[in-house]
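Novice: Pasting protein_19.txt here (compact mmCIF, C-alpha atoms):
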# COMPACT_ATOMS: atom_id res chain seq x y z
CA MET A 1 -101.29 67.90 33.00
CA ARG A 2 -101.83 70.83 30.61
CA VAL A 3 -98.65 72.31 29.12
CA ALA A 4 -98.04 75.39 26.98
CA LEU A 5 -95.11 74.98 24.56
CA VAL A 6 -94.08 78.42 23.32
CA GLY A 7 -91.61 79.42 20.63
CA ASP A 8 -91.12 81.43 17.46
CA GLU A 9 -90.06 78.49 15.30
CA TYR A 10 -92.35 75.65 14.30
CA PRO A 11 -92.64 73.73 11.00
CA PRO A 12 -92.72 74.57 8.15
CA VAL A 13 -89.84 76.70 9.51
CA THR A 14 -86.71 74.54 9.25
CA GLY A 15 -84.04 74.05 11.89
CA GLY A 16 -83.44 72.14 15.09
CA ALA A 17 -85.59 74.32 17.36
CA ALA A 18 -88.62 73.91 15.07
CA VAL A 19 -88.21 70.13 14.88
CA TYR A 20 -87.74 69.98 18.66
CA ALA A 21 -90.97 71.90 19.29
CA ARG A 22 -93.04 69.71 16.97
CA GLU A 23 -91.64 66.34 18.05
CA LEU A 24 -91.74 67.17 21.76
CA ALA A 25 -95.36 68.31 21.46
CA LEU A 26 -96.37 65.16 19.59
CA HIS A 27 -94.64 62.72 21.93
CA LEU A 28 -95.80 64.47 25.10
CA SER A 29 -99.36 64.21 23.81
CA ARG A 30 -98.83 60.46 23.28
CA LEU A 31 -97.87 60.23 26.95
CA GLY A 32 -101.23 61.71 27.91
CA VAL A 33 -100.12 65.33 28.36
CA GLU A 34 -102.55 67.97 27.10
CA VAL A 35 -100.26 70.09 24.92
CA VAL A 36 -101.01 73.49 23.37
CA VAL A 37 -98.35 75.00 21.10
CA PHE A 38 -98.17 78.80 20.84
CA THR A 39 -96.19 80.09 17.89
CA ARG A 40 -96.29 82.60 15.09
CA GLU A 41 -98.55 82.56 12.06
CA GLY A 42 -98.01 79.99 9.33
CA ALA A 43 -97.44 76.93 11.53
CA GLU A 44 -98.39 73.44 10.39
CA GLY A 45 -100.50 71.45 12.80
CA ARG A 46 -99.96 67.75 13.48
CA GLU A 47 -102.20 64.98 14.79
CA GLY A 48 -102.84 65.07 18.51
CA VAL A 49 -101.39 68.56 19.00
CA GLU A 50 -103.30 71.83 19.24
CA VAL A 51 -101.41 74.70 17.59
CA ARG A 52 -102.47 78.30 18.23
CA GLU A 53 -101.00 80.99 16.02
CA LEU A 54 -100.30 84.39 17.57
CA ARG A 55 -100.71 87.31 15.20
CA GLY A 56 -98.33 90.23 15.17
CA PHE A 57 -95.22 91.68 13.59
CA GLY A 58 -92.02 89.61 13.41
CA LEU A 59 -88.73 89.51 11.55
CA PHE A 60 -86.42 86.57 10.72
CA HIS A 61 -88.76 84.14 12.55
CA ARG A 62 -88.65 86.31 15.66
CA SER A 63 -91.60 88.02 17.37
CA LEU A 64 -91.36 91.78 17.81
CA SER A 65 -94.97 92.88 18.26
CA PRO A 66 -96.47 94.10 21.57
CA ARG A 67 -99.83 92.88 20.27
CA LEU A 68 -98.46 89.38 19.88
CA PHE A 69 -97.01 89.33 23.40
CA GLY A 70 -100.32 90.67 24.72
CA GLU A 71 -102.14 87.74 23.11
CA LEU A 72 -99.71 85.32 24.72
CA ARG A 73 -100.18 86.94 28.13
CA ARG A 74 -103.95 86.45 27.98
CA GLU A 75 -103.61 82.84 26.80
CA LEU A 76 -101.22 81.89 29.60
CA ARG A 77 -103.10 83.72 32.32
CA TYR A 78 -106.51 82.19 31.57
CA GLY A 79 -105.59 78.92 29.82
CA GLY A 80 -105.52 76.64 32.87
CA PHE A 81 -101.94 75.52 32.30
CA SER A 82 -99.84 73.51 34.74
CA VAL A 83 -96.44 74.38 33.17
CA VAL A 84 -95.17 76.86 30.58
CA HIS A 85 -92.25 75.72 28.42
CA GLY A 86 -90.27 78.16 26.26
CA VAL A 87 -88.74 75.84 23.67
CA ASP A 88 -85.76 78.02 22.65
CA MET A 89 -83.80 80.44 24.81
CA TYR A 90 -83.06 82.66 21.79
CA SER A 91 -86.73 83.00 20.90
CA PRO A 92 -88.32 86.29 22.07
CA LEU A 93 -91.64 84.46 22.34
CA SER A 94 -90.12 81.74 24.56
CA LEU A 95 -88.43 84.26 26.84
CA ALA A 96 -91.62 86.30 27.07
CA ALA A 97 -93.43 83.10 28.08
CA VAL A 98 -91.03 82.61 31.00
CA ARG A 99 -91.58 86.18 32.21
CA LEU A 100 -95.35 86.02 31.71
CA ALA A 101 -95.57 82.65 33.46
CA ARG A 102 -94.00 84.13 36.56
CA GLY A 103 -96.55 86.95 36.47
CA ALA A 104 -99.34 84.39 36.24
CA GLY A 105 -97.93 82.29 39.09
CA LEU A 106 -97.05 79.36 36.80
CA PRO A 107 -93.85 77.27 36.84
CA SER A 108 -91.74 77.57 33.72
CA VAL A 109 -89.05 75.74 31.74
CA VAL A 110 -86.85 76.98 28.90
CA THR A 111 -84.67 74.91 26.56
CA CYS A 112 -81.12 75.78 25.50
CA HIS A 113 -80.13 74.50 22.03
CA SER A 114 -76.96 76.57 21.91
CA VAL A 115 -73.28 76.56 22.74
CA HIS A 116 -70.92 79.51 22.30
CA HIS A 117 -67.59 80.75 23.51
CA SER A 118 -68.53 82.79 26.55
CA SER A 119 -65.94 85.53 26.96
CA GLY A 120 -66.50 88.41 29.36
CA LEU A 121 -67.88 90.54 26.50
CA TRP A 122 -70.18 87.72 25.43
CA ARG A 123 -71.56 87.36 28.95
CA ALA A 124 -72.10 91.12 29.15
CA VAL A 125 -74.08 91.10 25.89
CA HIS A 126 -76.11 88.16 27.21
CA LEU A 127 -76.88 89.78 30.58
CA PRO A 128 -80.57 90.52 29.80
CA LEU A 129 -80.97 86.95 28.52
CA THR A 130 -79.27 85.55 31.63
CA LEU A 131 -81.61 87.48 33.91
CA LEU A 132 -84.62 85.98 32.11
CA LEU A 133 -83.14 82.48 32.20
CA ARG A 134 -82.77 82.76 35.96
CA LYS A 135 -86.50 83.43 36.24
CA ALA A 136 -87.25 79.97 34.83
CA ASP A 137 -87.75 77.14 37.32
CA ARG A 138 -85.70 74.81 35.11
CA VAL A 139 -83.40 75.14 32.10
CA ILE A 140 -83.26 72.07 29.86
CA ALA A 141 -79.97 71.74 27.96
CA VAL A 142 -79.88 69.43 24.93
CA SER A 143 -76.31 68.34 25.78
CA GLY A 144 -73.60 68.68 28.38
CA ALA A 145 -71.98 71.31 26.14
CA SER A 146 -75.18 73.38 26.25
CA ARG A 147 -75.38 72.96 30.02
CA ASP A 148 -71.80 74.24 30.36
CA PHE A 149 -72.66 77.23 28.19
CA CYS A 150 -75.65 78.09 30.39
CA ALA A 151 -73.48 77.68 33.49
CA SER A 152 -70.98 80.16 32.02
CA LEU A 153 -73.85 82.64 31.73
CA GLY A 154 -74.57 82.26 35.44
CA VAL A 155 -77.51 79.83 35.43
CA PRO A 156 -77.35 77.87 38.72
CA GLY A 157 -76.46 74.20 38.34
CA GLU A 158 -79.43 73.03 40.39
CA LYS A 159 -81.79 74.59 37.85
CA MET A 160 -80.37 72.70 34.86
CA GLU A 161 -81.25 69.30 33.40
CA VAL A 162 -79.65 67.65 30.35
CA VAL A 163 -82.27 66.08 28.08
CA PRO A 164 -80.90 65.02 24.65
CA ASN A 165 -82.83 65.36 21.43
CA GLY A 166 -84.33 62.34 19.68
CA VAL A 167 -84.85 60.78 16.28
CA ASP A 168 -88.20 59.79 14.79
CA PRO A 169 -87.74 56.05 14.05
CA PHE A 170 -90.72 56.07 11.70
CA LEU A 171 -89.03 58.62 9.43
CA PHE A 172 -85.35 57.87 9.96
CA HIS A 173 -84.46 54.17 9.76
CA GLU A 174 -82.25 51.91 7.67
CA GLY A 175 -85.18 50.88 5.48
CA VAL A 176 -85.62 54.38 3.97
CA ASP A 177 -85.31 54.12 0.19
CA GLY A 178 -83.08 56.85 -1.26
CA LYS A 179 -83.44 55.76 -4.90
CA GLU A 180 -86.31 58.15 -5.59
CA PHE A 181 -84.32 61.10 -4.32
CA ARG A 182 -81.31 60.15 -6.44
CA LYS A 183 -83.64 59.94 -9.42
CA ARG A 184 -85.09 63.34 -8.55
CA LEU A 185 -81.56 64.80 -8.60
CA GLY A 186 -80.84 63.18 -11.96
CA LEU A 187 -77.88 61.20 -10.66
CA GLY A 188 -76.42 58.89 -13.28
CA GLU A 189 -74.78 55.50 -12.94
CA GLY A 190 -71.57 55.81 -10.96
CA GLU A 191 -72.23 59.35 -9.71
CA ARG A 192 -71.79 59.87 -5.96
CA LEU A 193 -73.59 62.28 -3.70
CA VAL A 194 -72.49 64.31 -0.69
CA ALA A 195 -75.50 65.79 1.13
CA THR A 196 -76.09 68.30 3.89
CA ALA A 197 -79.18 69.76 5.55
CA MET A 198 -78.78 72.95 7.56
CA ARG A 199 -79.80 76.54 7.97
CA LEU A 200 -77.76 78.58 5.50
CA VAL A 201 -76.08 80.93 7.97
CA LYS A 202 -72.36 81.56 8.44
CA ARG A 203 -72.05 79.74 11.75
CA LYS A 204 -73.14 76.51 10.03
CA GLY A 205 -70.03 76.57 7.82
CA PRO A 206 -71.56 76.71 4.31
CA TYR A 207 -68.48 78.30 2.71
CA LEU A 208 -66.18 75.84 4.45
CA LEU A 209 -68.16 73.05 2.80
CA LEU A 210 -67.98 74.67 -0.63
CA GLN A 211 -64.24 75.22 -0.25
CA ALA A 212 -63.65 71.59 0.68
CA PHE A 213 -65.96 70.35 -2.10
CA SER A 214 -64.15 72.53 -4.66
CA GLN A 215 -60.85 70.93 -3.65
CA LEU A 216 -62.41 67.46 -4.07
CA ALA A 217 -64.12 68.16 -7.38
CA GLU A 218 -61.08 67.49 -9.58
CA GLU A 219 -60.06 64.34 -7.67
CA PHE A 220 -63.61 62.92 -7.79
CA PRO A 221 -65.21 64.05 -11.08
CA GLU A 222 -68.29 61.89 -10.40
CA LEU A 223 -69.07 63.75 -7.16
CA ARG A 224 -72.17 65.91 -6.63
CA LEU A 225 -73.26 68.03 -3.65
CA ALA A 226 -76.88 68.55 -2.52
CA VAL A 227 -77.66 71.31 -0.02
CA ALA A 228 -81.04 71.29 1.76
CA GLY A 229 -82.08 74.36 3.71
CA GLU A 230 -82.64 78.08 3.44
CA GLY A 231 -81.07 81.20 4.91
CA PRO A 232 -79.37 84.52 4.23
CA GLU A 233 -76.20 82.93 2.84
CA GLU A 234 -77.89 81.18 -0.07
CA LYS A 235 -77.15 83.99 -2.55
CA GLY A 236 -73.52 84.11 -1.49
CA MET A 237 -73.23 80.33 -1.81
CA ARG A 238 -74.70 80.37 -5.30
CA ARG A 239 -72.25 83.10 -6.26
CA ARG A 240 -69.35 81.06 -4.87
CA VAL A 241 -70.49 77.99 -6.81
CA GLU A 242 -70.46 80.03 -10.02
CA GLU A 243 -67.03 81.52 -9.25
CA GLU A 244 -65.56 78.06 -8.59
CA GLY A 245 -67.01 76.66 -11.81
CA LEU A 246 -69.15 74.13 -9.94
CA ASP A 247 -72.39 74.77 -11.85
CA GLY A 248 -74.11 71.45 -12.41
CA ARG A 249 -72.21 69.85 -9.53
CA VAL A 250 -74.01 71.61 -6.63
CA GLU A 251 -77.78 71.46 -6.16
CA PHE A 252 -79.67 73.84 -3.83
CA LEU A 253 -82.86 72.11 -2.72
CA GLY A 254 -84.35 74.77 -0.45
CA PRO A 255 -86.19 73.78 2.75
CA LEU A 256 -87.42 70.19 2.70
CA PRO A 257 -90.13 68.46 4.75
CA HIS A 258 -88.65 66.16 7.36
CA GLU A 259 -89.61 62.99 5.48
CA GLU A 260 -87.82 64.29 2.38
CA VAL A 261 -84.69 65.00 4.42
CA ALA A 262 -84.73 61.30 5.33
CA GLY A 263 -84.91 60.41 1.62
CA LEU A 264 -82.03 62.77 0.83
CA MET A 265 -79.87 61.23 3.56
CA ALA A 266 -80.68 57.70 2.43
CA GLY A 267 -79.85 58.59 -1.17
CA ALA A 268 -76.49 60.14 -0.30
CA ASP A 269 -73.17 58.32 -0.21
CA LEU A 270 -72.24 60.42 2.79
CA PHE A 271 -73.68 63.23 4.89
CA VAL A 272 -71.66 66.21 6.11
CA LEU A 273 -72.27 68.67 8.93
CA PRO A 274 -69.76 71.49 8.23
CA SER A 275 -70.44 73.76 11.24
CA SER A 276 -67.68 74.70 13.67
CA VAL A 277 -69.70 73.61 16.69
CA GLU A 278 -73.10 72.06 17.41
CA ALA A 279 -75.01 72.01 20.67
CA PHE A 280 -76.31 68.55 19.81
CA GLY A 281 -76.07 67.82 16.07
CA LEU A 282 -79.47 66.20 15.50
CA VAL A 283 -79.06 65.82 11.72
CA ALA A 284 -75.91 63.77 12.32
CA VAL A 285 -77.87 61.25 14.42
CA GLU A 286 -80.71 61.23 11.86
CA SER A 287 -78.21 60.38 9.12
CA MET A 288 -76.77 57.61 11.29
CA ALA A 289 -80.31 56.27 11.71
CA VAL A 290 -80.78 55.78 7.94
CA GLY A 291 -77.34 54.17 7.65
CA THR A 292 -75.50 56.96 5.84
CA PRO A 293 -71.96 57.69 7.09
CA VAL A 294 -71.47 61.11 8.68
CA VAL A 295 -68.64 63.66 8.60
CA CYS A 296 -68.94 66.15 11.47
CA PRO A 297 -66.86 68.61 13.56
CA ARG A 298 -64.80 67.52 16.52
CA ALA A 299 -66.60 69.91 18.88
CA GLY A 300 -69.62 70.63 21.07
CA GLY A 301 -72.39 68.16 21.81
CA ILE A 302 -71.30 65.84 18.98
CA LEU A 303 -68.42 64.68 21.20
CA GLU A 304 -71.01 63.23 23.59
CA PHE A 305 -72.23 60.59 21.11
CA GLY A 306 -69.78 60.73 18.20
CA ARG A 307 -66.78 58.37 18.16
CA ASP A 308 -64.28 59.12 15.41
CA GLY A 309 -63.85 56.04 13.22
CA TYR A 310 -66.71 54.15 14.90
CA ASN A 311 -69.94 56.01 14.04
CA CYS A 312 -68.64 59.13 12.26
CA LEU A 313 -65.52 60.72 10.80
CA MET A 314 -64.50 63.97 12.46
CA PHE A 315 -62.70 67.03 11.10
CA GLU A 316 -61.08 69.94 12.88
CA PRO A 317 -63.63 72.78 13.11
CA GLY A 318 -63.08 75.60 10.64
CA ASP A 319 -60.31 73.75 8.73
CA PRO A 320 -61.22 73.15 5.05
CA SER A 321 -58.22 70.85 4.51
CA SER A 322 -59.28 68.66 7.44
CA LEU A 323 -62.84 68.51 6.10
CA ARG A 324 -61.60 67.68 2.58
CA GLU A 325 -59.38 64.90 3.94
CA ALA A 326 -62.27 63.38 5.90
CA LEU A 327 -64.55 63.45 2.85
CA ALA A 328 -61.85 62.01 0.57
CA ARG A 329 -61.07 59.24 3.05
CA LEU A 330 -64.70 58.13 3.18
CA LEU A 331 -65.06 58.29 -0.60
CA SER A 332 -61.99 56.06 -0.98
CA ASP A 333 -62.48 53.47 1.77
CA GLY A 334 -65.44 51.10 1.47
CA ASN A 335 -64.50 49.22 4.65
CA LEU A 336 -64.58 52.46 6.65
CA VAL A 337 -68.01 53.25 5.18
CA ARG A 338 -69.35 49.90 6.39
CA THR A 339 -67.81 50.38 9.85
CA LEU A 340 -69.36 53.83 10.29
CA ARG A 341 -72.70 52.58 9.05
CA ARG A 342 -72.83 49.80 11.66
CA GLY A 343 -71.69 52.10 14.47
CA GLY A 344 -74.09 54.84 13.44
CA LEU A 345 -77.11 52.55 13.42
CA ARG A 346 -76.26 51.34 16.94
CA THR A 347 -75.80 54.91 18.17
CA ALA A 348 -79.04 56.24 16.68
CA ARG A 349 -81.12 53.63 18.51
CA ARG A 350 -80.21 55.31 21.81
CA PHE A 351 -81.94 58.58 20.87
CA THR A 352 -85.72 58.66 20.54
CA TRP A 353 -88.26 61.45 20.93
CA GLU A 354 -90.26 59.20 23.26
CA ARG A 355 -87.30 59.15 25.66
CA THR A 356 -86.89 62.92 25.30
CA ALA A 357 -90.58 63.43 26.09
CA ARG A 358 -90.48 61.13 29.15
CA LEU A 359 -87.44 62.92 30.59
CA THR A 360 -89.06 66.31 29.91
CA LEU A 361 -92.29 65.20 31.57
CA GLY A 362 -90.21 64.27 34.61
CA VAL A 363 -88.94 67.85 34.74
CA TYR A 364 -92.51 69.17 34.55
CA GLU A 365 -93.65 66.91 37.37
CA GLU A 366 -90.83 68.16 39.63
CA ILE A 367 -91.88 71.80 39.32
CA ALA A 368 -95.65 71.64 38.76
Can you turn what I pasted into structure tokens?
Specialist:
Amino acid sequence: MRVALVGDEYPPVTGGAAVYARELALHLSRLGVEVVVFTREGAEGREGVEVRELRGFGLFHRSLSPRLFGELRRELRYGGFSVVHGVDMYSPLSLAAVRLARGAGLPSVVTCHSVHHSSGLWRAVHLPLTLLLRKADRVIAVSGASRDFCASLGVPGEKMEVVPNGVDPFLFHEGVDGKEFRKRLGLGEGERLVATAMRLVKRKGPYLLLQAFSQLAEEFPELRLAVAGEGPEEKGMRRRVEEEGLDGRVEFLGPLPHEEVAGLMAGADLFVLPSSVEAFGLVAVESMAVGTPVVCPRAGGILEFGRDGYNCLMFEPGDPSSLREALARLLSDGNLVRTLRRGGLRTARRFTWERTARLTLGVYEEIA
């Protein structure tokens, strides 16, 4: 089987959709699928996967160029593909792939990594997107929450399949040594580290995290915060750090390669996901896999694997006091840390990219 995976985001771009595209491509190829990735310029190739860069104008990791879409049309029409898979429903390139696949007489799949409140106004704004989603033969949702979101947009239930994300056990495992990363951050004896890795956009809750950390700073003078990721809110976050007098306590690391994210997680005393809602919450499972306790929101796809007090500690979305209390509780209770570590390791073993790839291949075989 020859499959075209199409999307605007692919490493070195950071974020869940980029990781999904790379890991799915790699693990499908290991199952004997001939995979070709189509994405924008600047992508990093990986063993066993052919990556073709499409040239044309884009903005904020989104394709906007007719030339680029024309290139994709030619590739799909004459590439001998069995299935076309748009790897992110909010990617113009992925949605174009679904439309172009139909024109070429090819079956298509698109993946939903999102979950939103779907009011009447929201559905109206999403109407063009919904019409394109309905053209796909299947919509893969990364969680039940994502499936419900797609259903609220009018995607028929018989077209949807839930296929969870996975964790790379070679990168994220309890044997990862975090000492080098702590040394890199200049952490002294007795200092403790809270870490996060996310795209620095408002919906991920960066200011909520800074607010909660500021409240903790006086109570825990040995506490440091490391933020991995990039995005439009970085300048605002740096300004807030300065205003709160947290210089020297908060480190902005920029985008990190996936293997370095594993080192950061392993070197942290706890990992926090401050967003109000997550469709899946992959970084939470990755942190569980290295044995670092996780603080995450009580919302979205996290509720499908997260158990408060067993494998994570949950806070009420959007509530800085609730987030502060969860962080303080973990920093003060060694027994709770050990409990969450054990539960997290057990949970993470259930999610692998090999399983994700096998389930996805099953979807392809149904429609090809």
Novice: What does the distance between atom CA of Arg138 of chain A and atom CA of Val19 of chain A come to in Å, to one decimal place?
Specialist: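 Value for the atom CA of Arg138 of chain A-atom CA of Val19 of chain A distance: 20.9 Å.
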Novice: Scan for residues within 8 Å of the point (-82.2, 57.8, 9.1) in the coordinates of the file, using only C-alpha atoms, and reply as a list in words.
Specialist: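 Protein and nucleic acid residues near the point are Pro169, Leu171, Phe172, His173, Glu174, Val176, Ala262, Met265, Ala266, Val285, Glu286, Ser287, Met288, Ala289, Val290, Gly291 and Thr292 of chain A.
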Novice: Between A:Leu129, A:Ala217, A:Ala96, A:Leu256, which one has atoms that come closest to Glu244 of chain A, using all atoms listed in the file?
Specialist: A:Ala217
Novice: Distance atom CA of Val36 of chain A-atom CA of Arg73 of chain A, one decimal place?
Specialist: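 Taking atom CA of Val36 of chain A and atom CA of Arg73 of chain A, their separation equals 14.3 Å.
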Novice: Considering all atoms listed in the file, return as a PyMOL selection string whatever protein or nucleic-acid residues lie within 10 Å of Leu31 of chain A, sequence-local ones (same chain, fewer than 2 positions apart) excluded.
Specialist: chain A and resi 26-29+33-34+354+357-358+361
Novice: I need the residue nearest Gly205 of chain A from this list: A:Val163, A:Met237, A:Leu253, A:Ala151. Use all atoms listed in the file for the distance.
Specialist: A:Met237
Novice: What would the list of residues within 12 Å of (-98.3, 76.5, 31.4) (file frame) look like as a PyMOL selection string, if only C-alpha atoms are what count?
Specialist: chain A and resi 1-6+33-38+72-86+94+97-110+364+367-368
Novice: Provide the atom CA of Glu23 of chain A to atom CA of Arg182 of chain A distance in Å, to one decimal place.
Specialist: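 Taking atom CA of Glu23 of chain A as the start and atom CA of Arg182 of chain A as the end point, the length is 27.3 Å.
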Novice: For Phe315 of chain A, which residue out of A:Leu340, A:Phe170, A:Leu209, A:Leu216 is the nearest one, using only C-alpha atoms?
Specialist: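 Distance minimum relative to Phe315 of chain A lands on A:Leu209.
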Novice: Taking into account all atoms listed in the file, which residue in the set A:His258, A:Arg249, A:Arg55, A:Arg240 is nearest to Gln211 of chain A?
Specialist: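 Residue with the minimum atom-to-atom distance to Gln211 of chain A: A:Arg240.
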Novice: May I ask which of the residues A:Val250, A:Cys296, A:Leu270, A:Leu193 is the closest one to Ser322 of chain A, counting only C-alpha atoms?
Specialist: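 So, comparing all the options, the nearest one is A:Cys296.
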Novice: Taking into account only C-alpha atoms, which residue in the set A:Ala228, A:Ala326, A:Leu208, A:Leu264 is nearest to Ser276 of chain A?
Specialist: A:Leu208
Novice: Can you sort out the box for segment 127-138 of chain A, edges along x, y and z, all listed atoms in, 4 Å on every side, with centre and edge lengths in Å to one decimal, as JSON?
Specialist:
{"center_x": -82.3, "center_y": 82.7, "center_z": 32.9, "size_x": 18.9, "size_y": 23.7, "size_z": 16.8}
